[in-house]
$ cat coords-v8.pdb   # PDB, C-alpha atoms, pLDDT in the B column
ATOM      1  CA  MET O 208      37.306  14.739  -6.780  1.00 41.00           C
ATOM      2  CA  GLU O 209      34.327  13.154  -5.046  1.00 37.00           C
ATOM      3  CA  GLU O 210      32.794  15.426  -2.429  1.00 37.00           C
ATOM      4  CA  LYS O 211      32.539  13.861   1.014  1.00 39.00           C
ATOM      5  CA  GLU O 212      29.376  14.116   3.030  1.00 34.00           C
ATOM      6  CA  VAL O 213      29.695  16.483   5.992  1.00 38.00           C
ATOM      7  CA  ARG O 214      27.900  15.233   9.089  1.00 41.00           C
ATOM      8  CA  ASP O 215      26.159  17.626  11.454  1.00 40.00           C
ATOM      9  CA  PRO O 216      28.050  17.173  14.758  1.00 42.00           C
ATOM     10  CA  THR O 217      24.913  18.074  16.758  1.00 38.00           C
ATOM     11  CA  ILE O 218      23.068  14.999  15.464  1.00 39.00           C
ATOM     12  CA  PRO O 219      24.049  11.810  17.299  1.00 45.00           C
ATOM     13  CA  VAL O 220      25.047   8.817  15.204  1.00 43.00           C
ATOM     14  CA  PRO O 221      22.849   5.768  15.950  1.00 45.00           C
ATOM     15  CA  ARG O 222      24.897   2.949  17.403  1.00 49.00           C
ATOM     16  CA  GLY O 223      24.350  -0.614  18.467  1.00 47.00           C
ATOM     17  CA  LYS O 224      20.759  -1.844  18.567  1.00 52.00           C
ATOM     18  CA  ALA O 225      19.364   1.576  17.585  1.00 49.00           C
ATOM     19  CA  ALA O 226      21.377   1.578  14.345  1.00 45.00           C
ATOM     20  CA  VAL O 227      20.384  -1.989  13.512  1.00 48.00           C
ATOM     21  CA  LYS O 228      16.714  -1.246  14.207  1.00 50.00           C
ATOM     22  CA  LYS O 229      16.750   1.851  12.003  1.00 50.00           C
ATOM     23  CA  SER O 230      18.453   0.207   9.005  1.00 50.00           C
ATOM     24  CA  ARG O 231      16.437  -2.988   9.316  1.00 53.00           C
ATOM     25  CA  GLY O 232      13.115  -1.163   9.241  1.00 49.00           C
ATOM     26  CA  LYS O 233      14.039   1.032   6.263  1.00 55.00           C
ATOM     27  CA  SER O 234      15.435  -1.724   4.049  1.00 84.00           C
ATOM     28  CA  LEU O 235      12.128  -3.561   3.773  1.00 94.00           C
ATOM     29  CA  THR O 236       9.696  -2.804   0.955  1.00 93.00           C
ATOM     30  CA  THR O 237       5.910  -2.858   1.212  1.00 92.00           C
ATOM     31  CA  ALA O 238       5.912  -6.288  -0.422  1.00 94.00           C
ATOM     32  CA  ASP O 239       8.396  -7.548   2.195  1.00 96.00           C
ATOM     33  CA  LEU O 240       6.274  -6.257   5.068  1.00 96.00           C
ATOM     34  CA  VAL O 241       3.027  -7.694   3.684  1.00 95.00           C
ATOM     35  CA  LEU O 242       4.658 -11.112   3.302  1.00 96.00           C
ATOM     36  CA  LEU O 243       6.175 -11.005   6.792  1.00 97.00           C
ATOM     37  CA  SER O 244       2.748 -10.222   8.220  1.00 96.00           C
ATOM     38  CA  LEU O 245       1.161 -13.027   6.209  1.00 96.00           C
ATOM     39  CA  LEU O 246       3.799 -15.583   7.204  1.00 97.00           C
ATOM     40  CA  ALA O 247       3.529 -14.539  10.834  1.00 96.00           C
ATOM     41  CA  GLU O 248       0.076 -16.142  10.768  1.00 95.00           C
ATOM     42  CA  GLN O 249       1.176 -19.485   9.324  1.00 95.00           C
ATOM     43  CA  PRO O 250       3.888 -20.962   7.065  1.00 96.00           C
ATOM     44  CA  MET O 251       3.193 -20.642   3.327  1.00 96.00           C
ATOM     45  CA  HIS O 252       4.903 -21.167  -0.013  1.00 94.00           C
ATOM     46  CA  GLY O 253       4.830 -18.614  -2.822  1.00 94.00           C
ATOM     47  CA  TYR O 254       1.789 -20.021  -4.620  1.00 94.00           C
ATOM     48  CA  GLN O 255      -0.193 -20.177  -1.385  1.00 95.00           C
ATOM     49  CA  ALA O 256       0.843 -16.624  -0.441  1.00 96.00           C
ATOM     50  CA  ASN O 257      -0.305 -15.319  -3.836  1.00 95.00           C
ATOM     51  CA  ALA O 258      -3.627 -17.128  -3.457  1.00 95.00           C
ATOM     52  CA  GLU O 259      -4.124 -15.588  -0.008  1.00 94.00           C
ATOM     53  CA  LEU O 260      -3.256 -12.117  -1.315  1.00 94.00           C
ATOM     54  CA  LYS O 261      -5.959 -12.560  -3.944  1.00 93.00           C
ATOM     55  CA  ARG O 262      -8.524 -13.985  -1.501  1.00 92.00           C
ATOM     56  CA  ARG O 263      -8.083 -11.085   0.910  1.00 90.00           C
ATOM     57  CA  GLU O 264      -7.910  -8.554  -1.949  1.00 90.00           C
ATOM     58  CA  ILE O 265      -4.707  -7.204  -0.414  1.00 92.00           C
ATOM     59  CA  ARG O 266      -3.633  -5.726  -3.754  1.00 89.00           C
ATOM     60  CA  ASP O 267      -6.418  -3.156  -3.330  1.00 90.00           C
ATOM     61  CA  TRP O 268      -4.284  -1.412  -0.701  1.00 89.00           C
ATOM     62  CA  ALA O 269      -0.749  -2.744  -1.211  1.00 90.00           C
ATOM     63  CA  ALA O 270       1.140  -2.804  -4.510  1.00 85.00           C
ATOM     64  CA  ILE O 271       2.599  -6.324  -4.610  1.00 92.00           C
ATOM     65  CA  SER O 272       2.791  -8.386  -7.800  1.00 92.00           C
ATOM     66  CA  ARG O 273       3.131 -12.152  -8.167  1.00 92.00           C
ATOM     67  CA  PRO O 274       6.850 -11.925  -9.099  1.00 93.00           C
ATOM     68  CA  GLN O 275       7.464  -9.667  -6.090  1.00 94.00           C
ATOM     69  CA  VAL O 276       6.154 -12.379  -3.786  1.00 95.00           C
ATOM     70  CA  TYR O 277       8.844 -14.824  -4.892  1.00 95.00           C
ATOM     71  CA  TYR O 278      11.528 -12.130  -4.902  1.00 95.00           C
ATOM     72  CA  SER O 279      10.605 -11.077  -1.355  1.00 96.00           C
ATOM     73  CA  LEU O 280      10.537 -14.666  -0.129  1.00 95.00           C
ATOM     74  CA  ASP O 281      14.105 -15.158  -1.372  1.00 95.00           C
ATOM     75  CA  LYS O 282      15.267 -11.800  -0.005  1.00 96.00           C
ATOM     76  CA  LEU O 283      13.715 -12.266   3.437  1.00 97.00           C
ATOM     77  CA  ALA O 284      15.093 -15.795   3.716  1.00 96.00           C
ATOM     78  CA  ARG O 285      18.611 -14.558   2.854  1.00 96.00           C
ATOM     79  CA  LEU O 286      18.285 -11.862   5.527  1.00 96.00           C
ATOM     80  CA  GLY O 287      17.295 -14.465   8.109  1.00 96.00           C
ATOM     81  CA  LEU O 288      13.825 -12.973   8.507  1.00 97.00           C
ATOM     82  CA  LEU O 289      12.147 -16.149   7.219  1.00 97.00           C
ATOM     83  CA  ARG O 290      12.945 -19.793   7.881  1.00 96.00           C
ATOM     84  CA  PRO O 291      12.077 -22.789   5.726  1.00 95.00           C
ATOM     85  CA  VAL O 292       9.484 -25.161   7.159  1.00 94.00           C
ATOM     86  CA  ARG O 293       9.552 -28.845   6.310  1.00 83.00           C
ATOM     87  CA  SER O 294       6.320 -30.059   4.748  1.00 70.00           C
ATOM     88  CA  ALA O 295       4.630 -33.233   5.961  1.00 63.00           C
ATOM     89  CA  GLY O 296       4.277 -34.566   2.411  1.00 57.00           C
ATOM     90  CA  ALA O 297       6.795 -35.033  -0.358  1.00 51.00           C
ATOM     91  CA  CYS O 298       8.665 -31.967  -1.578  1.00 54.00           C
ATOM     92  CA  CYS O 299       7.272 -30.431  -4.744  1.00 55.00           C
ATOM     93  CA  GLY O 300      10.271 -28.297  -5.693  1.00 55.00           C
ATOM     94  CA  PRO O 301      11.730 -24.967  -4.522  1.00 54.00           C
ATOM     95  CA  GLU O 302       8.675 -22.995  -5.620  1.00 59.00           C
ATOM     96  CA  ARG O 303       6.636 -24.947  -3.054  1.00 79.00           C
ATOM     97  CA  GLN O 304       9.101 -24.438  -0.194  1.00 90.00           C
ATOM     98  CA  ARG O 305       7.115 -23.181   2.773  1.00 95.00           C
ATOM     99  CA  PHE O 306       8.437 -20.341   4.929  1.00 96.00           C
ATOM    100  CA  ALA O 307       7.584 -18.904   8.339  1.00 97.00           C
ATOM    101  CA  ALA O 308       8.577 -15.599   9.924  1.00 97.00           C
ATOM    102  CA  THR O 309      11.475 -15.775  12.375  1.00 97.00           C
ATOM    103  CA  LYS O 310      11.783 -13.770  15.587  1.00 96.00           C
ATOM    104  CA  SER O 311      14.111 -11.411  13.717  1.00 96.00           C
ATOM    105  CA  GLY O 312      11.529 -11.119  10.944  1.00 97.00           C
ATOM    106  CA  LEU O 313       8.777 -10.177  13.380  1.00 97.00           C
ATOM    107  CA  ALA O 314      11.100  -7.657  15.052  1.00 96.00           C
ATOM    108  CA  ALA O 315      11.947  -6.123  11.662  1.00 96.00           C
ATOM    109  CA  LEU O 316       8.236  -5.858  10.833  1.00 96.00           C
ATOM    110  CA  ARG O 317       7.519  -4.164  14.150  1.00 96.00           C
ATOM    111  CA  ASP O 318      10.455  -1.796  13.662  1.00 96.00           C
ATOM    112  CA  ALA O 319       9.120  -0.803  10.237  1.00 95.00           C
ATOM    113  CA  LEU O 320       5.653  -0.178  11.666  1.00 95.00           C
ATOM    114  CA  GLU O 321       7.139   2.445  14.005  1.00 95.00           C
ATOM    115  CA  ARG O 322       8.244   4.691  11.125  1.00 93.00           C
ATOM    116  CA  GLU O 323       6.558   8.095  11.161  1.00 93.00           C
ATOM    117  CA  ASP O 324       6.106   8.224   7.372  1.00 91.00           C
ATOM    118  CA  TRP O 325       3.191   5.763   7.613  1.00 92.00           C
ATOM    119  CA  SER O 326       1.173   8.505   9.292  1.00 94.00           C
ATOM    120  CA  THR O 327       2.625  11.611   7.674  1.00 94.00           C
ATOM    121  CA  GLY O 328       2.934  10.594   4.020  1.00 88.00           C
ATOM    122  CA  ARG O 329       0.673  12.062   1.369  1.00 87.00           C
ATOM    123  CA  GLU O 330      -0.677  10.055  -1.571  1.00 86.00           C
ATOM    124  CA  LYS O 331      -0.354  11.197  -5.189  1.00 90.00           C
ATOM    125  CA  PRO O 332      -3.288   9.532  -6.993  1.00 92.00           C
ATOM    126  CA  PRO O 333      -3.200   9.683 -10.830  1.00 94.00           C
ATOM    127  CA  PHE O 334      -6.657  11.287 -10.839  1.00 96.00           C
ATOM    128  CA  LEU O 335      -5.316  14.333  -8.968  1.00 95.00           C
ATOM    129  CA  THR O 336      -2.525  14.691 -11.532  1.00 96.00           C
ATOM    130  CA  TRP O 337      -5.116  14.487 -14.316  1.00 97.00           C
ATOM    131  CA  MET O 338      -7.252  17.110 -12.576  1.00 95.00           C
ATOM    132  CA  ALA O 339      -4.316  19.531 -12.376  1.00 94.00           C
ATOM    133  CA  LEU O 340      -3.578  19.110 -16.101  1.00 96.00           C
ATOM    134  CA  SER O 341      -7.175  18.888 -17.311  1.00 96.00           C
ATOM    135  CA  TRP O 342      -7.388  22.552 -18.358  1.00 94.00           C
ATOM    136  CA  GLN O 343      -5.498  21.439 -21.497  1.00 95.00           C
ATOM    137  CA  ALA O 344      -8.028  18.702 -22.340  1.00 96.00           C
ATOM    138  CA  ARG O 345     -10.262  18.925 -25.418  1.00 96.00           C
ATOM    139  CA  LYS O 346     -13.846  20.095 -25.132  1.00 94.00           C
ATOM    140  CA  GLY O 347     -16.119  17.565 -23.467  1.00 95.00           C
ATOM    141  CA  VAL O 348     -13.257  15.439 -22.071  1.00 97.00           C
ATOM    142  CA  PHE O 349     -13.441  16.908 -18.561  1.00 97.00           C
ATOM    143  CA  LYS O 350     -17.078  15.911 -18.064  1.00 97.00           C
ATOM    144  CA  ARG O 351     -16.555  12.520 -19.709  1.00 98.00           C
ATOM    145  CA  GLN O 352     -13.649  11.687 -17.415  1.00 97.00           C
ATOM    146  CA  LEU O 353     -15.628  12.775 -14.367  1.00 97.00           C
ATOM    147  CA  LYS O 354     -18.481  10.462 -15.358  1.00 98.00           C
ATOM    148  CA  LEU O 355     -16.012   7.604 -15.871  1.00 98.00           C
ATOM    149  CA  ARG O 356     -14.519   8.295 -12.443  1.00 98.00           C
ATOM    150  CA  GLU O 357     -17.985   8.383 -10.901  1.00 98.00           C
ATOM    151  CA  ALA O 358     -18.943   5.011 -12.414  1.00 98.00           C
ATOM    152  CA  PHE O 359     -15.626   3.502 -11.279  1.00 98.00           C
ATOM    153  CA  LEU O 360     -16.064   4.736  -7.708  1.00 97.00           C
ATOM    154  CA  GLN O 361     -19.613   3.383  -7.570  1.00 98.00           C
ATOM    155  CA  ARG O 362     -18.355  -0.066  -8.595  1.00 97.00           C
ATOM    156  CA  GLU O 363     -15.492   0.063  -6.101  1.00 96.00           C
ATOM    157  CA  ARG O 364     -17.819   1.222  -3.321  1.00 96.00           C
ATOM    158  CA  GLN O 365     -20.081  -1.760  -3.950  1.00 96.00           C
ATOM    159  CA  ARG O 366     -17.099  -4.109  -4.021  1.00 95.00           C
ATOM    160  CA  GLU O 367     -15.823  -2.722  -0.703  1.00 95.00           C
ATOM    161  CA  ARG O 368     -19.238  -3.220   0.844  1.00 95.00           C
ATOM    162  CA  GLU O 369     -19.287  -6.853  -0.266  1.00 95.00           C
ATOM    163  CA  THR O 370     -15.727  -7.379   0.970  1.00 94.00           C
ATOM    164  CA  LEU O 371     -16.584  -5.770   4.303  1.00 95.00           C
ATOM    165  CA  SER O 372     -19.561  -8.083   4.705  1.00 95.00           C
ATOM    166  CA  SER O 373     -17.333 -11.101   4.007  1.00 94.00           C
ATOM    167  CA  VAL O 374     -14.625  -9.922   6.414  1.00 94.00           C
ATOM    168  CA  LEU O 375     -17.162  -9.281   9.177  1.00 96.00           C
ATOM    169  CA  ALA O 376     -18.452 -12.824   8.766  1.00 96.00           C
ATOM    170  CA  GLU O 377     -14.882 -14.178   8.997  1.00 94.00           C
ATOM    171  CA  VAL O 378     -13.718 -11.966  11.859  1.00 95.00           C
ATOM    172  CA  GLY O 379     -16.931 -12.212  13.852  1.00 96.00           C
ATOM    173  CA  HIS O 380     -16.900  -8.671  15.281  1.00 97.00           C
ATOM    174  CA  PRO O 381     -16.557  -5.073  13.999  1.00 96.00           C
ATOM    175  CA  TYR O 382     -13.531  -4.127  16.136  1.00 97.00           C
ATOM    176  CA  HIS O 383     -10.771  -5.400  13.874  1.00 96.00           C
ATOM    177  CA  GLU O 384      -8.139  -3.568  11.798  1.00 95.00           C
ATOM    178  CA  ALA O 385      -9.381  -5.141   8.541  1.00 94.00           C
ATOM    179  CA  VAL O 386     -12.917  -3.926   9.257  1.00 96.00           C
ATOM    180  CA  TRP O 387     -11.747  -0.403  10.125  1.00 96.00           C
ATOM    181  CA  MET O 388      -9.576  -0.268   7.008  1.00 95.00           C
ATOM    182  CA  LEU O 389     -12.430  -1.314   4.716  1.00 95.00           C
ATOM    183  CA  GLN O 390     -14.763   1.170   6.393  1.00 96.00           C
ATOM    184  CA  LEU O 391     -12.217   3.920   5.740  1.00 96.00           C
ATOM    185  CA  MET O 392     -11.873   2.947   2.076  1.00 95.00           C
ATOM    186  CA  ALA O 393     -15.666   2.907   1.650  1.00 95.00           C
ATOM    187  CA  ALA O 394     -15.922   6.307   3.355  1.00 96.00           C
ATOM    188  CA  GLN O 395     -13.283   7.736   0.997  1.00 96.00           C
ATOM    189  CA  PHE O 396     -15.286   6.514  -2.000  1.00 97.00           C
ATOM    190  CA  GLU O 397     -18.421   8.100  -0.545  1.00 97.00           C
ATOM    191  CA  THR O 398     -16.636  11.424  -0.014  1.00 97.00           C
ATOM    192  CA  GLU O 399     -15.270  11.544  -3.550  1.00 97.00           C
ATOM    193  CA  LEU O 400     -18.630  10.576  -5.046  1.00 98.00           C
ATOM    194  CA  ARG O 401     -20.281  13.494  -3.240  1.00 98.00           C
ATOM    195  CA  TRP O 402     -17.502  15.788  -4.471  1.00 98.00           C
ATOM    196  CA  ILE O 403     -17.960  14.630  -8.103  1.00 98.00           C
ATOM    197  CA  SER O 404     -21.724  15.127  -7.849  1.00 97.00           C
ATOM    198  CA  ARG O 405     -21.159  18.735  -6.761  1.00 97.00           C
ATOM    199  CA  LEU O 406     -18.492  19.273  -9.451  1.00 97.00           C
ATOM    200  CA  LEU O 407     -20.810  18.097 -12.231  1.00 96.00           C
ATOM    201  CA  LYS O 408     -23.327  20.739 -11.144  1.00 96.00           C
ATOM    202  CA  GLU O 409     -20.651  23.465 -11.216  1.00 96.00           C
ATOM    203  CA  LEU O 410     -19.135  22.620 -14.620  1.00 94.00           C
ATOM    204  CA  GLY O 411     -20.919  25.471 -16.363  1.00 93.00           C
ATOM    205  CA  ARG O 412     -19.101  27.971 -14.148  1.00 94.00           C
ATOM    206  CA  ARG O 413     -15.613  26.603 -14.807  1.00 92.00           C
ATOM    207  CA  ALA O 414     -13.126  29.373 -15.658  1.00 92.00           C
ATOM    208  CA  ARG O 415      -9.399  30.084 -15.761  1.00 89.00           C
ATOM    209  CA  ALA O 416      -7.526  31.814 -12.933  1.00 89.00           C
ATOM    210  CA  LYS O 417      -8.139  35.575 -12.852  1.00 90.00           C
ATOM    211  CA  HIS O 418      -4.855  36.527 -11.197  1.00 89.00           C
ATOM    212  CA  PRO O 419      -2.208  33.929 -12.116  1.00 86.00           C
ATOM    213  CA  THR O 420       1.218  34.403 -10.573  1.00 87.00           C
ATOM    214  CA  LEU O 421       4.104  33.040 -12.620  1.00 82.00           C
ATOM    215  CA  THR O 422       7.800  32.889 -11.798  1.00 81.00           C
ATOM    216  CA  LYS O 423       9.652  35.535 -13.771  1.00 80.00           C
ATOM    217  CA  PRO O 424      12.546  34.405 -16.016  1.00 80.00           C
TER
END
$ encode --input "coords-v8.pdb" --output "structure tokens"
Amino acid sequence: MEEKEVRDPTIPVPRGKAAVKKSRGKSLTTADLVLLSLLAEQPMHGYQANAELKRREIRDWAAISRPQVYYSLDKLARLGLLRPVRSAGACCGPERQRFAATKSGLAALRDALEREDWSTGREKPPFLTWMALSWQARKGVFKRQLKLREAFLQRERQRERETLSSVLAEVGHPYHEAVWMLQLMAAQFETELRWISRLLKELGRRARAKHPTLTKP
């Protein structure tokens, strides 16, 4: 027999607008939210949206593939969060159908931006996983991977600096969310580069745990 979920009677059940707001904000993926934000600026079709994602280097901070763009466009349109916009010229097929965010779409985006998990979530970068498992790596691999990571971060830091310069020229002032975001990313690269530099100096002192505590069977 299937076990039924028992609801805590002390927790109120969201009703009406509160329930709609909660479900609407949670049902949207990162790709959906990025597209809604993009189409809030101006109507675009899928090809144009992909080109803008590339131009702004949005994939540096949001995982959204080319197929996801078209999937999200279809999904958001079905949900009534996007509306088709008639082009001035001749129609070039469904893949060139332009869309704009509706009032409901903008409300759904704003609802999603109120979720607490944006500010309380913790990332799980692959490099941290590698670091935790690296004690099993062959001799010399640890240092080699650190040097690879260092070279990668140096390239990314330079790329962020160039992107920041371009964004500042486009925005025209330093008090913009895109500028702050890029400054944060550059600062994170700087912090990790300093950490790697210190780690490379301490490699000769690397040792296993002296007092490991394991769960008993």
$ axis_aligned_box --input "coords-v8.pdb" --around "region 376-388 of chain O" --padding-each-side "6 Å" --output "AutoDock Vina command-line options"
--center_x -13.3 --center_y -7.2 --center_z 11.6 --size_x 22.3 --size_y 25.9 --size_z 21.1
$ closest_residue --input "coords-v8.pdb" --among "O:Ala258, O:Ile403, O:Ala247, O:Leu360" --to "Met338 (chain O)" --atoms "only C-alpha atoms"
O:Ile403
$ closest_residue --input "coords-v8.pdb" --among "O:Lys423, O:Arg413, O:Arg368, O:His380" --to "Glu397 (chain O)" --atoms "all atoms listed in the file"
O:Arg368
$ closest_residue --input "coords-v8.pdb" --among "O:Leu242, O:Ala319, O:Ala269, O:Met388" --to "Phe306 (chain O)" --atoms "only C-alpha atoms"
O:Leu242
$ residues_around --input "coords-v8.pdb" --residues "Ala308 (chain O)" --least-positions-apart "4" --cutoff "7 Å" --atoms "all atoms listed in the file" --output "number ranges by chain"
O: 243, 246-247, 288-290, 312-313
$ atom_distance --input "coords-v8.pdb" --atom1 "CA of Leu240 (chain O)" --atom2 "CA of Ile265 (chain O)"
12.3 Å
$ resolve_selection --input "coords-v8.pdb" --expression "the PyMOL selection byres ((chain O and resi 260) around 10)" --output "JSON, numbers by chain"
{"O": [241, 242, 245, 254, 255, 256, 257, 258, 259, 261, 262, 263, 264, 265, 266, 267, 269, 271, 272, 273, 276]}
$ atom_distance --input "coords-v8.pdb" --atom1 "CA of Glu323 (chain O)" --atom2 "CA of Asp281 (chain O)"
27.5 Å
$ resolve_selection --input "coords-v8.pdb" --expression "the PyMOL selection byres ((chain O and resi 350) around 12)" --output "mmCIF file with C-alpha atoms, in the frame of the given file"
data_model
loop_
_atom_site.group_PDB
_atom_site.id
_atom_site.type_symbol
_atom_site.label_atom_id
_atom_site.label_comp_id
_atom_site.auth_asym_id
_atom_site.auth_seq_id
_atom_site.Cartn_x
_atom_site.Cartn_y
_atom_site.Cartn_z
ATOM 1 C CA MET O 338 -7.252 17.110 -12.576
ATOM 2 C CA SER O 341 -7.175 18.888 -17.311
ATOM 3 C CA TRP O 342 -7.388 22.552 -18.358
ATOM 4 C CA ALA O 344 -8.028 18.702 -22.340
ATOM 5 C CA ARG O 345 -10.262 18.925 -25.418
ATOM 6 C CA LYS O 346 -13.846 20.095 -25.132
ATOM 7 C CA GLY O 347 -16.119 17.565 -23.467
ATOM 8 C CA VAL O 348 -13.257 15.439 -22.071
ATOM 9 C CA PHE O 349 -13.441 16.908 -18.561
ATOM 10 C CA ARG O 351 -16.555 12.520 -19.709
ATOM 11 C CA GLN O 352 -13.649 11.687 -17.415
ATOM 12 C CA LEU O 353 -15.628 12.775 -14.367
ATOM 13 C CA LYS O 354 -18.481 10.462 -15.358
ATOM 14 C CA LEU O 355 -16.012 7.604 -15.871
ATOM 15 C CA ARG O 356 -14.519 8.295 -12.443
ATOM 16 C CA GLU O 357 -17.985 8.383 -10.901
ATOM 17 C CA ILE O 403 -17.960 14.630 -8.103
ATOM 18 C CA SER O 404 -21.724 15.127 -7.849
ATOM 19 C CA LEU O 406 -18.492 19.273 -9.451
ATOM 20 C CA LEU O 407 -20.810 18.097 -12.231
ATOM 21 C CA LYS O 408 -23.327 20.739 -11.144
ATOM 22 C CA GLU O 409 -20.651 23.465 -11.216
ATOM 23 C CA LEU O 410 -19.135 22.620 -14.620
ATOM 24 C CA GLY O 411 -20.919 25.471 -16.363
ATOM 25 C CA ARG O 413 -15.613 26.603 -14.807
#
$ atom_distance --input "coords-v8.pdb" --atom1 "CA of Lys310 (chain O)" --atom2 "CA of Tyr382 (chain O)"
27.1 Å
$ residues_around --input "coords-v8.pdb" --residues "Leu371 (chain O)" --least-positions-apart "5" --cutoff "12 Å" --atoms "all atoms listed in the file" --output "list in words"
Arg263, Glu264, Glu363, Arg364, Gln365, Arg366, Ala376, Glu377, Val378, Gly379, His380, Pro381, His383, Glu384, Ala385, Val386, Trp387, Met388, Leu389, Gln390, Leu391, Met392 and Ala393 of chain O
$ write_last_selection --input "coords-v8.pdb" --atoms "C-alpha atoms" --output "tab-separated table (two decimals), in the frame of the given file"
chain	number	residue	atom	x	y	z
O	263	ARG	CA	-8.08	-11.08	0.91
O	264	GLU	CA	-7.91	-8.55	-1.95
O	363	GLU	CA	-15.49	0.06	-6.10
O	364	ARG	CA	-17.82	1.22	-3.32
O	365	GLN	CA	-20.08	-1.76	-3.95
O	366	ARG	CA	-17.10	-4.11	-4.02
O	376	ALA	CA	-18.45	-12.82	8.77
O	377	GLU	CA	-14.88	-14.18	9.00
O	378	VAL	CA	-13.72	-11.97	11.86
O	379	GLY	CA	-16.93	-12.21	13.85
O	380	HIS	CA	-16.90	-8.67	15.28
O	381	PRO	CA	-16.56	-5.07	14.00
O	383	HIS	CA	-10.77	-5.40	13.87
O	384	GLU	CA	-8.14	-3.57	11.80
O	385	ALA	CA	-9.38	-5.14	8.54
O	386	VAL	CA	-12.92	-3.93	9.26
O	387	TRP	CA	-11.75	-0.40	10.12
O	388	MET	CA	-9.58	-0.27	7.01
O	389	LEU	CA	-12.43	-1.31	4.72
O	390	GLN	CA	-14.76	1.17	6.39
O	391	LEU	CA	-12.22	3.92	5.74
O	392	MET	CA	-11.87	2.95	2.08
O	393	ALA	CA	-15.67	2.91	1.65
